[in-house]
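Q: The structure is given below, and queries will be raised subsequently.
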Amino acid sequence: MRILRPAASPVNQQNTVPGNLK
Amino acid sequence: MNYIPSRFNALSHTDDGGVVLFNSYTGAITHFSEEEKQSAISALKRTGIELLENHIQKELFRSGFLISSDVDEMKRAKYLHQTLHRTDLLHLILMPTESCNFRCTYCYETFERGKMKRSVINSLKAFVQEKASHLSALHISWFGGEPLISLDVIEELSQSFLSIAEEKQIRYTCDLVTNGYLLTKDTFKQLLSWNINQFMITVDGVGEIHDRRRHLSDGGQTFERIIDNLIAIKTIPDSFNLTIRSNFDEDNLGDVSKLTKFLKQHFADDERYGVLFRPVGQWGGKNDEAIPVCSRTMANKKIWELTDEAITEGLKMSPMVIESLMPSASVCYAAKPHSLVVGADGQLYKCTLSVQEDFNKVGKIDDNGHFQLDYDKIAHWVTSGEETDSSCQSCFYRPACQGNHCPLYRMRTGKRPCPYEKRNIKKVLNLIWKNS
């Protein structure tokens with residue numbers, strides 16, 4: 001078992017085009 | 001108490017016979033080996049388990065893959081969405097100039113407005129100074145135009161923001177998007193000293209392939225100088241993150257593999273460099289009709305095929321990919337209440353693409369450092385996601401993008417703006433494992 005990324009506190013995150021537009 | 005699987009899980013089988021699990025509410029990603037995977041998968045059965053009996057089940061609970069049966073996950077997601085409205089964060093996308101020394105064939109910008117006006121620079125300083133006492137974090141994205149044409153504006157604003165952030169104990173972070181032509185080693189060192197340490201530079205192929213797509217405004221070549229700059233930067237010992245982005249369409253798709261082999265020779269030994277592949281789209285530029293865009297199916301497939309090939313060659317995948325899988329991290333800045341684009345003339349926007357359109361002109365910065373905002377227009381951008389889309393509400397990826405990965409795409413096409421990562425999550429999780 002290898003934790004590639006631990007669980008974060010979602011609401012405390014500070015992280016501050018899917019196709020043509022026509 | 002019962003434990004049941006979270007509705008925000010995704011699972012992918014890895015090349016070594018194991019599995020990778022991802023939860024979009026906690027952002028957790030865990031790999032289980034071939035020996036462990038049966039135990040992990042059986043603990044995630046729909047009916048749930050009564051007790052956490054072994055270390056695998058305890059890890060599943062700790063990372064959020066298993067949740068207590070009395071948790072209301074829809075409320076969790078709704079509350080997470082409401083936290084976007086916190087007022088202690090500020091993200092400004094600044095255009096030190098709207099001029100550019102390049103004329104890329106697929107660019108959507110118009111280059112009508114030049115360098116940032118003196119009055120706007122002064123007003124921005126006053127605005128951040130006034131906001132600072134309520135902020136815990138300030139993030140600046142340096143954009144344009146080509147921002148390095150106006151390095152003096154970046155310097156003046158950076159020094160002001162750095163001093164305010166230090167005085168008020170604000171977490172201050174920056175990124176910069178540049179074509180790389182002016183990114184000499186000396187300039188790079190200056191940028192690092194101003195806390196700018198995340199970079200995105202686009203290279204579309206080797207030599208002539210790149211030069212015919214991304215040339216100077218007089219048609220001149222740019223590839224060699226960009227690569228020389230990127231190689232020179234390698235000798236700087238500091239910590240930074242540099243994403244080499246490659247935009248592809250039918251014109252250069254057949255040559256991207258050659259680019260990967262070229263980049264491998266120079267950057268596979270440096271973990272600060274990572275690659276990102278994205279399809280070109282018709283995004284409102286004057287050459288739109290002439291762009292040989294890939295079909296949607298082809299684009300979805302090629303992004304991750306090319307990434308897989310790059311990882312196999314020894315290059316790193318840009319951390320932007322794994323970061324976008326965090327809760328709220330795939331919500332576009334245009335959909336975030338605390339984010340604004342500031343044009344060189346002080347015009348305020350939500351979106352960096354549609355700067356000619358009235359519905360995107362959400363305000364002006366006045367000479368006293370006050371933002372005069374049209375909240376009706378802003379509401380249009382920040383409430384067009386999961387609130388009104390029942391498919392988004394029931395999606396496993398909801399906490400990451402909240403239905404608002406690209407509000408412009410939804411407005412223009414009426415279609416759901418699902419991120420490329422979500423569309424191919426199994427492949428992406430396998431690549432994250434392979435990249436680790």
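As shown in the structure tokens, the chain order sets the letters A, B, ...; within each chain, residues go from 1, and ligands are also counted from 1 in the order they appear.
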Write out as a ChimeraX atom specification which residues come within 9 Å of region 1-7 of chain A when counting only C-alpha atoms, dropping same-chain ones fewer than 4 positions away.
A: /B:23,25-33,36,56,62-64,432-433,436
Q: Please, could you write that set of residues out with C-alpha atoms as a PDB file, in the first residue's frame?
A:
```pdb
ATOM      1  CA  ASN B  23     -11.368  10.421  -3.885  1.00  0.00           C
ATOM      2  CA  TYR B  25     -13.546  15.197  -1.940  1.00  0.00           C
ATOM      3  CA  THR B  26     -10.350  14.561   0.023  1.00  0.00           C
ATOM      4  CA  GLY B  27      -7.952  14.538  -2.939  1.00  0.00           C
ATOM      5  CA  ALA B  28      -6.452  11.296  -1.591  1.00  0.00           C
ATOM      6  CA  ILE B  29      -4.739   8.903  -4.008  1.00  0.00           C
ATOM      7  CA  THR B  30      -3.597   5.462  -2.784  1.00  0.00           C
ATOM      8  CA  HIS B  31      -2.062   2.508  -4.605  1.00  0.00           C
ATOM      9  CA  PHE B  32      -2.785  -1.064  -3.496  1.00  0.00           C
ATOM     10  CA  SER B  33      -0.568  -3.904  -4.712  1.00  0.00           C
ATOM     11  CA  GLU B  36      -3.790  -6.102  -1.364  1.00  0.00           C
ATOM     12  CA  ILE B  56      -6.264  -1.679   4.549  1.00  0.00           C
ATOM     13  CA  ARG B  62      -8.609   7.623   6.686  1.00  0.00           C
ATOM     14  CA  SER B  63      -8.365   8.683   3.038  1.00  0.00           C
ATOM     15  CA  GLY B  64     -12.118   9.052   2.607  1.00  0.00           C
ATOM     16  CA  ILE B 432      -0.144   9.432 -11.805  1.00  0.00           C
ATOM     17  CA  TRP B 433       0.920   6.087 -10.364  1.00  0.00           C
ATOM     18  CA  SER B 436       5.276   8.690  -8.964  1.00  0.00           C
TER      19      SER B 436
END
```
Q: Quick one: residues within 9 Å of Val128 (chain B), only C-alpha atoms, excluding same-chain residues fewer than 2 positions away - as a list in words?
A: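 Within the cut-off, the hits are Ser123, Leu124, Lys125, Ala126, Glu130, Lys131, Ala132, Leu138, Ser160, Phe161, Ile164 and Gly369 of chain B.
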Q: Applying 6 Å and only C-alpha atoms, which residues near region 319-331 of chain B remain after dropping the ones on its own chain fewer than 2 positions away? List them as a JSON list (two decimals) with C-alpha atoms, in the first residue's frame.
A:
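Result file follows (out07.json):
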```json
[["chain", "number", "residue", "atom", "x", "y", "z"],
["A", 10, "PRO", "CA", -11.38, 19.96, 1.55],
["A", 15, "ASN", "CA", -5.90, 26.48, -4.53],
["B", 24, "SER", "CA", -12.28, 13.83, -5.27],
["B", 25, "TYR", "CA", -13.55, 15.20, -1.94],
["B", 27, "GLY", "CA", -7.95, 14.54, -2.94],
["B", 399, "PRO", "CA", -15.94, 18.28, -5.53],
["B", 400, "ALA", "CA", -13.03, 18.91, -7.93],
["B", 401, "CYS", "CA", -14.79, 20.97, -10.62],
["B", 404, "ASN", "CA", -17.62, 24.98, -13.40],
["B", 405, "HIS", "CA", -14.41, 23.90, -15.07]]
```
Q: If you run DSSP on the backbone, which residues of region 327-378 of chain B are strand (DSSP E or B), as a PDB file with C-alpha atoms, in the first residue's frame?
A:
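See states_14.pdb below for the written result:
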```
ATOM      1  CA  SER B 339     -10.635  35.985  -8.771  1.00  0.00           C
ATOM      2  CA  LEU B 340     -10.410  38.806 -11.324  1.00  0.00           C
ATOM      3  CA  VAL B 341      -8.485  39.547 -14.515  1.00  0.00           C
ATOM      4  CA  VAL B 342      -6.998  43.053 -14.726  1.00  0.00           C
ATOM      5  CA  GLN B 347     -10.666  46.924 -17.433  1.00  0.00           C
ATOM      6  CA  LEU B 348     -11.737  44.033 -15.190  1.00  0.00           C
ATOM      7  CA  TYR B 349     -12.792  40.637 -16.542  1.00  0.00           C
ATOM      8  CA  LYS B 361     -16.384  43.186 -18.823  1.00  0.00           C
ATOM      9  CA  VAL B 362     -17.311  43.069 -15.154  1.00  0.00           C
ATOM     10  CA  GLY B 363     -15.858  46.367 -13.954  1.00  0.00           C
ATOM     11  CA  LYS B 364     -13.126  48.973 -13.932  1.00  0.00           C
ATOM     12  CA  ILE B 365     -10.400  49.897 -11.490  1.00  0.00           C
ATOM     13  CA  PHE B 371     -12.796  48.136  -8.097  1.00  0.00           C
ATOM     14  CA  GLN B 372     -16.111  49.315  -9.549  1.00  0.00           C
ATOM     15  CA  LEU B 373     -17.831  45.980 -10.147  1.00  0.00           C
TER      16      LEU B 373
END
```
Q: Which residues are near Gln393 (chain B)? Cut-off 9 Å, only C-alpha atoms, ignore same chain within fewer than 4 positions. Put them as a ChimeraX atom specification.
A: /B:74,77-78,386-389,398,402-403
Q: Please dump the current selection as an mmCIF file, in the first residue's frame; keep all heavy atoms.
A:
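Heads up, here's the output in part.cif:
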```cif
data_model
loop_
_atom_site.group_PDB
_atom_site.id
_atom_site.type_symbol
_atom_site.label_atom_id
_atom_site.label_comp_id
_atom_site.auth_asym_id
_atom_site.auth_seq_id
_atom_site.Cartn_x
_atom_site.Cartn_y
_atom_site.Cartn_z
ATOM 1 N N MET B 74 -23.894 14.659 -0.293
ATOM 2 C CA MET B 74 -24.403 15.751 -1.124
ATOM 3 C C MET B 74 -24.276 17.078 -0.374
ATOM 4 O O MET B 74 -23.933 18.107 -0.947
ATOM 5 C CB MET B 74 -25.863 15.496 -1.509
ATOM 6 C CG MET B 74 -26.060 14.254 -2.359
ATOM 7 S SD MET B 74 -25.059 14.249 -3.865
ATOM 8 C CE MET B 74 -26.304 14.624 -5.071
ATOM 9 N N ALA B 77 -20.661 18.213 -0.448
ATOM 10 C CA ALA B 77 -20.291 18.848 -1.721
ATOM 11 C C ALA B 77 -20.869 20.258 -1.805
ATOM 12 O O ALA B 77 -20.213 21.193 -2.277
ATOM 13 C CB ALA B 77 -20.785 18.001 -2.888
ATOM 14 N N LYS B 78 -22.085 20.401 -1.331
ATOM 15 C CA LYS B 78 -22.749 21.707 -1.376
ATOM 16 C C LYS B 78 -21.996 22.719 -0.504
ATOM 17 O O LYS B 78 -21.771 23.870 -0.892
ATOM 18 C CB LYS B 78 -24.178 21.539 -0.856
ATOM 19 C CG LYS B 78 -25.166 22.521 -1.409
ATOM 20 C CD LYS B 78 -26.573 22.075 -1.044
ATOM 21 C CE LYS B 78 -27.588 23.016 -1.652
ATOM 22 N NZ LYS B 78 -28.953 22.547 -1.424
ATOM 23 N N GLU B 386 -22.649 23.619 -10.782
ATOM 24 C CA GLU B 386 -23.403 22.499 -10.212
ATOM 25 C C GLU B 386 -24.776 22.906 -9.684
ATOM 26 O O GLU B 386 -25.648 22.054 -9.518
ATOM 27 C CB GLU B 386 -22.599 21.864 -9.073
ATOM 28 C CG GLU B 386 -22.388 22.778 -7.884
ATOM 29 C CD GLU B 386 -21.753 22.055 -6.697
ATOM 30 O OE1 GLU B 386 -20.849 21.231 -6.896
ATOM 31 O OE2 GLU B 386 -22.170 22.320 -5.567
ATOM 32 N N GLU B 387 -24.965 24.211 -9.429
ATOM 33 C CA GLU B 387 -26.239 24.655 -8.848
ATOM 34 C C GLU B 387 -27.430 24.221 -9.693
ATOM 35 O O GLU B 387 -28.496 23.903 -9.170
ATOM 36 C CB GLU B 387 -26.281 26.192 -8.727
ATOM 37 C CG GLU B 387 -25.256 26.784 -7.790
ATOM 38 C CD GLU B 387 -23.962 27.133 -8.499
ATOM 39 O OE1 GLU B 387 -23.677 26.542 -9.556
ATOM 40 O OE2 GLU B 387 -23.228 27.988 -7.987
ATOM 41 N N THR B 388 -27.243 24.240 -11.019
ATOM 42 C CA THR B 388 -28.387 24.022 -11.903
ATOM 43 C C THR B 388 -28.244 22.783 -12.781
ATOM 44 O O THR B 388 -29.034 22.580 -13.690
ATOM 45 C CB THR B 388 -28.568 25.244 -12.825
ATOM 46 O OG1 THR B 388 -27.315 25.500 -13.469
ATOM 47 C CG2 THR B 388 -28.979 26.478 -12.040
ATOM 48 N N ASP B 389 -27.221 21.967 -12.525
ATOM 49 C CA ASP B 389 -26.985 20.813 -13.400
ATOM 50 C C ASP B 389 -27.033 19.528 -12.576
ATOM 51 O O ASP B 389 -26.107 19.219 -11.828
ATOM 52 C CB ASP B 389 -25.619 20.968 -14.082
ATOM 53 C CG ASP B 389 -25.379 19.906 -15.141
ATOM 54 O OD1 ASP B 389 -25.855 18.770 -14.964
ATOM 55 O OD2 ASP B 389 -24.709 20.205 -16.144
ATOM 56 N N ARG B 398 -17.561 15.820 -8.827
ATOM 57 C CA ARG B 398 -18.182 17.084 -8.419
ATOM 58 C C ARG B 398 -17.326 17.951 -7.487
ATOM 59 O O ARG B 398 -17.190 19.154 -7.725
ATOM 60 C CB ARG B 398 -19.542 16.792 -7.769
ATOM 61 C CG ARG B 398 -20.240 18.023 -7.217
ATOM 62 C CD ARG B 398 -21.572 17.660 -6.569
ATOM 63 N NE ARG B 398 -22.204 18.814 -5.964
ATOM 64 C CZ ARG B 398 -23.366 18.781 -5.318
ATOM 65 N NH1 ARG B 398 -24.027 17.646 -5.212
ATOM 66 N NH2 ARG B 398 -23.879 19.875 -4.787
ATOM 67 N N GLN B 402 -17.001 21.077 -9.583
ATOM 68 C CA GLN B 402 -18.255 21.741 -9.200
ATOM 69 C C GLN B 402 -19.056 22.231 -10.415
ATOM 70 O O GLN B 402 -19.768 23.238 -10.352
ATOM 71 C CB GLN B 402 -17.952 22.866 -8.202
ATOM 72 C CG GLN B 402 -17.274 22.296 -6.950
ATOM 73 C CD GLN B 402 -16.692 23.314 -6.003
ATOM 74 O OE1 GLN B 402 -17.155 24.444 -5.941
ATOM 75 N NE2 GLN B 402 -15.682 22.916 -5.242
ATOM 76 N N GLY B 403 -18.871 21.515 -11.522
ATOM 77 C CA GLY B 403 -19.630 21.853 -12.730
ATOM 78 C C GLY B 403 -19.160 23.125 -13.400
ATOM 79 O O GLY B 403 -19.790 23.621 -14.331
#
```
Q: Residues within 10 Å of region 189-194 of chain B, please, as a short mmCIF file (atom, residue, chain, number, x, y, z; two decimals) with N, CA and C atoms, in the first residue's frame. Count only C-alpha atoms; anything in the same chain fewer than 2 positions from it doesn't count.
A:
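Written file, selection.cif:
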```cif
data_model
loop_
_atom_site.label_atom_id
_atom_site.label_comp_id
_atom_site.auth_asym_id
_atom_site.auth_seq_id
_atom_site.Cartn_x
_atom_site.Cartn_y
_atom_site.Cartn_z
N LEU B 148 6.72 39.33 -20.15
CA LEU B 148 8.13 39.70 -19.97
C LEU B 148 8.53 40.91 -20.82
N LEU B 151 8.73 43.77 -18.10
CA LEU B 151 9.35 43.26 -16.87
C LEU B 151 9.38 44.33 -15.78
N ILE B 154 6.19 44.23 -13.86
CA ILE B 154 6.19 43.07 -12.95
C ILE B 154 7.05 43.39 -11.72
N GLU B 155 8.20 44.01 -11.96
CA GLU B 155 9.10 44.33 -10.85
C GLU B 155 8.44 45.30 -9.86
N LEU B 157 5.25 46.09 -9.36
CA LEU B 157 4.09 45.53 -8.64
C LEU B 157 4.53 44.44 -7.67
N SER B 158 5.48 43.61 -8.09
CA SER B 158 5.95 42.52 -7.22
C SER B 158 6.53 43.08 -5.93
N GLN B 159 7.35 44.12 -6.07
CA GLN B 159 7.99 44.67 -4.87
C GLN B 159 6.95 45.25 -3.91
N PHE B 161 3.72 44.21 -3.72
CA PHE B 161 2.95 43.09 -3.15
C PHE B 161 3.77 42.32 -2.11
N LEU B 162 5.06 42.12 -2.41
CA LEU B 162 5.93 41.39 -1.47
C LEU B 162 6.00 42.12 -0.14
N TYR B 172 1.99 34.57 -0.03
CA TYR B 172 2.05 35.22 -1.35
C TYR B 172 2.66 34.26 -2.37
N THR B 173 1.89 33.90 -3.39
CA THR B 173 2.37 32.95 -4.40
C THR B 173 2.07 33.51 -5.80
N CYS B 174 2.87 33.07 -6.77
CA CYS B 174 2.70 33.59 -8.14
C CYS B 174 2.97 32.51 -9.18
N ASP B 175 2.35 32.70 -10.34
CA ASP B 175 2.74 31.92 -11.51
C ASP B 175 2.86 32.86 -12.69
N LEU B 176 3.53 32.39 -13.74
CA LEU B 176 3.73 33.24 -14.91
C LEU B 176 3.62 32.40 -16.18
N LEU B 183 12.89 34.80 -21.70
CA LEU B 183 13.13 34.22 -20.37
C LEU B 183 14.60 33.80 -20.22
N THR B 184 15.47 34.80 -20.19
CA THR B 184 16.90 34.50 -20.02
C THR B 184 17.15 34.07 -18.58
N LYS B 185 18.35 33.54 -18.35
CA LYS B 185 18.71 33.09 -17.01
C LYS B 185 18.65 34.25 -16.01
N ASP B 186 19.13 35.42 -16.42
CA ASP B 186 19.12 36.57 -15.51
C ASP B 186 17.69 37.00 -15.17
N THR B 187 16.84 37.03 -16.20
CA THR B 187 15.44 37.40 -15.97
C THR B 187 14.77 36.38 -15.05
N ILE B 196 8.04 34.47 -7.91
CA ILE B 196 7.41 33.85 -9.07
C ILE B 196 8.18 32.56 -9.34
N ASN B 197 7.54 31.42 -9.05
CA ASN B 197 8.28 30.16 -9.18
C ASN B 197 7.49 29.04 -9.86
N GLN B 198 6.36 29.39 -10.47
CA GLN B 198 5.64 28.43 -11.30
C GLN B 198 5.53 29.03 -12.70
N ILE B 233 18.46 27.86 -17.77
CA ILE B 233 17.76 27.96 -16.48
C ILE B 233 18.05 26.73 -15.60
N ILE B 236 20.37 26.92 -12.58
CA ILE B 236 19.99 27.64 -11.35
C ILE B 236 19.59 26.61 -10.29
N ASP B 238 17.88 26.91 -7.53
CA ASP B 238 16.67 27.18 -6.74
C ASP B 238 15.53 26.20 -7.06
N SER B 239 14.55 26.21 -6.17
CA SER B 239 13.35 25.40 -6.37
C SER B 239 12.36 26.18 -7.24
N PHE B 240 11.83 25.53 -8.27
CA PHE B 240 10.78 26.13 -9.10
C PHE B 240 10.08 25.01 -9.83
#
```
Q: What's around Leu21 (chain A) at 8 Å? Count only C-alpha atoms, leave out sequence neighbours fewer than 3 positions away in its own chain, and write the answer as a PDB file with C-alpha atoms, in the first residue's frame.
A:
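What landed in out-v1.pdb:
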```
ATOM      1  CA  GLY B 281      -9.454  24.716 -30.019  1.00  0.00           C
ATOM      2  CA  GLN B 282     -11.386  27.334 -31.926  1.00  0.00           C
ATOM      3  CA  TRP B 283     -11.435  29.886 -29.133  1.00  0.00           C
ATOM      4  CA  GLY B 284     -12.326  33.096 -30.946  1.00  0.00           C
ATOM      5  CA  LEU B 408     -17.527  30.089 -20.990  1.00  0.00           C
ATOM      6  CA  TYR B 409     -17.739  26.677 -22.678  1.00  0.00           C
ATOM      7  CA  ARG B 412     -21.340  29.174 -25.594  1.00  0.00           C
ATOM      8  CA  THR B 413     -22.124  25.549 -26.359  1.00  0.00           C
TER       9      THR B 413
END
```
Q: Please identify the helix (DSSP H, G or I) residues within region 90-285 of chain B (assignment by DSSP from backbone atoms) and present them as a ChimeraX atom specification.
A: /B:118-134,147-168,185-193,208-213,223-233,253-267
Q: Write out, as a PDB file, in the first residue's frame, the residues just selected, with C-alpha atoms.
A:
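Resulting contents of out.pdb:
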```pdb
ATOM      1  CA  ARG B 118       0.657  54.220 -14.789  1.00  0.00           C
ATOM      2  CA  SER B 119      -2.707  54.987 -13.178  1.00  0.00           C
ATOM      3  CA  VAL B 120      -3.609  51.267 -13.200  1.00  0.00           C
ATOM      4  CA  ILE B 121      -0.283  50.295 -11.599  1.00  0.00           C
ATOM      5  CA  ASN B 122      -0.833  52.831  -8.818  1.00  0.00           C
ATOM      6  CA  SER B 123      -4.436  51.753  -8.345  1.00  0.00           C
ATOM      7  CA  LEU B 124      -3.478  48.076  -8.123  1.00  0.00           C
ATOM      8  CA  LYS B 125      -0.967  48.821  -5.388  1.00  0.00           C
ATOM      9  CA  ALA B 126      -3.600  50.810  -3.479  1.00  0.00           C
ATOM     10  CA  PHE B 127      -6.200  48.071  -3.979  1.00  0.00           C
ATOM     11  CA  VAL B 128      -3.981  45.290  -2.607  1.00  0.00           C
ATOM     12  CA  GLN B 129      -2.857  47.512   0.283  1.00  0.00           C
ATOM     13  CA  GLU B 130      -6.471  48.165   1.209  1.00  0.00           C
ATOM     14  CA  LYS B 131      -7.541  44.505   0.893  1.00  0.00           C
ATOM     15  CA  ALA B 132      -4.482  43.162   2.705  1.00  0.00           C
ATOM     16  CA  SER B 133      -5.730  43.399   6.263  1.00  0.00           C
ATOM     17  CA  HIS B 134      -8.477  40.857   5.447  1.00  0.00           C
ATOM     18  CA  PRO B 147       4.332  39.624 -19.689  1.00  0.00           C
ATOM     19  CA  LEU B 148       8.131  39.704 -19.974  1.00  0.00           C
ATOM     20  CA  ILE B 149       7.929  42.577 -22.487  1.00  0.00           C
ATOM     21  CA  SER B 150       6.988  44.704 -19.462  1.00  0.00           C
ATOM     22  CA  LEU B 151       9.345  43.256 -16.871  1.00  0.00           C
ATOM     23  CA  ASP B 152       9.563  46.684 -15.214  1.00  0.00           C
ATOM     24  CA  VAL B 153       5.819  46.564 -14.430  1.00  0.00           C
ATOM     25  CA  ILE B 154       6.195  43.067 -12.949  1.00  0.00           C
ATOM     26  CA  GLU B 155       9.103  44.328 -10.845  1.00  0.00           C
ATOM     27  CA  GLU B 156       7.298  47.389  -9.516  1.00  0.00           C
ATOM     28  CA  LEU B 157       4.089  45.535  -8.645  1.00  0.00           C
ATOM     29  CA  SER B 158       5.952  42.521  -7.215  1.00  0.00           C
ATOM     30  CA  GLN B 159       7.986  44.671  -4.865  1.00  0.00           C
ATOM     31  CA  SER B 160       4.846  46.384  -3.637  1.00  0.00           C
ATOM     32  CA  PHE B 161       2.947  43.087  -3.154  1.00  0.00           C
ATOM     33  CA  LEU B 162       5.930  41.394  -1.473  1.00  0.00           C
ATOM     34  CA  SER B 163       6.258  44.213   1.009  1.00  0.00           C
ATOM     35  CA  ILE B 164       2.510  44.242   1.791  1.00  0.00           C
ATOM     36  CA  ALA B 165       2.471  40.436   2.154  1.00  0.00           C
ATOM     37  CA  GLU B 166       5.411  40.507   4.535  1.00  0.00           C
ATOM     38  CA  GLU B 167       3.917  43.295   6.624  1.00  0.00           C
ATOM     39  CA  LYS B 168       0.490  41.629   6.875  1.00  0.00           C
ATOM     40  CA  LYS B 185      18.710  33.089 -17.012  1.00  0.00           C
ATOM     41  CA  ASP B 186      19.118  36.571 -15.506  1.00  0.00           C
ATOM     42  CA  THR B 187      15.436  37.401 -15.967  1.00  0.00           C
ATOM     43  CA  PHE B 188      14.493  34.042 -14.465  1.00  0.00           C
ATOM     44  CA  LYS B 189      16.594  34.774 -11.369  1.00  0.00           C
ATOM     45  CA  GLN B 190      14.867  38.144 -11.004  1.00  0.00           C
ATOM     46  CA  LEU B 191      11.458  36.487 -11.243  1.00  0.00           C
ATOM     47  CA  LEU B 192      12.413  33.935  -8.588  1.00  0.00           C
ATOM     48  CA  SER B 193      13.442  36.769  -6.272  1.00  0.00           C
ATOM     49  CA  GLU B 208      10.528  24.297 -37.935  1.00  0.00           C
ATOM     50  CA  ILE B 209       7.361  22.592 -36.638  1.00  0.00           C
ATOM     51  CA  HIS B 210       7.322  24.947 -33.643  1.00  0.00           C
ATOM     52  CA  ASP B 211       8.478  27.956 -35.669  1.00  0.00           C
ATOM     53  CA  ARG B 212       5.675  27.763 -38.221  1.00  0.00           C
ATOM     54  CA  ARG B 213       3.072  27.778 -35.431  1.00  0.00           C
ATOM     55  CA  PHE B 223      12.421  27.585 -31.119  1.00  0.00           C
ATOM     56  CA  GLU B 224      16.183  27.709 -30.651  1.00  0.00           C
ATOM     57  CA  ARG B 225      16.148  30.721 -28.393  1.00  0.00           C
ATOM     58  CA  ILE B 226      13.408  29.270 -26.157  1.00  0.00           C
ATOM     59  CA  ILE B 227      15.280  25.971 -25.798  1.00  0.00           C
ATOM     60  CA  ASP B 228      18.575  27.784 -25.102  1.00  0.00           C
ATOM     61  CA  ASN B 229      16.802  29.722 -22.346  1.00  0.00           C
ATOM     62  CA  LEU B 230      15.265  26.578 -20.817  1.00  0.00           C
ATOM     63  CA  ILE B 231      18.641  24.815 -20.811  1.00  0.00           C
ATOM     64  CA  ALA B 232      20.390  27.829 -19.240  1.00  0.00           C
ATOM     65  CA  ILE B 233      17.764  27.956 -16.479  1.00  0.00           C
ATOM     66  CA  LEU B 253       0.218  15.846 -33.984  1.00  0.00           C
ATOM     67  CA  GLY B 254       2.484  13.519 -35.949  1.00  0.00           C
ATOM     68  CA  ASP B 255       5.573  15.381 -34.754  1.00  0.00           C
ATOM     69  CA  VAL B 256       4.903  15.554 -31.008  1.00  0.00           C
ATOM     70  CA  SER B 257       6.685  12.234 -30.384  1.00  0.00           C
ATOM     71  CA  LYS B 258       9.860  13.738 -31.854  1.00  0.00           C
ATOM     72  CA  LEU B 259       9.469  16.664 -29.476  1.00  0.00           C
ATOM     73  CA  THR B 260       9.155  14.258 -26.534  1.00  0.00           C
ATOM     74  CA  LYS B 261      12.411  12.545 -27.511  1.00  0.00           C
ATOM     75  CA  PHE B 262      14.092  15.949 -27.878  1.00  0.00           C
ATOM     76  CA  LEU B 263      12.849  17.154 -24.473  1.00  0.00           C
ATOM     77  CA  LYS B 264      13.979  13.889 -22.900  1.00  0.00           C
ATOM     78  CA  GLN B 265      17.585  14.585 -23.939  1.00  0.00           C
ATOM     79  CA  HIS B 266      17.585  17.909 -22.127  1.00  0.00           C
ATOM     80  CA  PHE B 267      15.088  17.767 -19.259  1.00  0.00           C
TER      81      PHE B 267
END
```
Q: Counting only C-alpha atoms, which residue out of B:Trp304, B:Phe65, B:Glu250, B:Leu80 sits closest to Ser9 (chain A)?
A: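 Checking each candidate against Ser9 (chain A), we get B:Leu80 as the closest.
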Q: Which residues come within 7 Å of Glu109 (chain B), counting only C-alpha atoms, excluding same-chain residues fewer than 2 positions away, as a ChimeraX atom specification?
A: /B:107,111,285
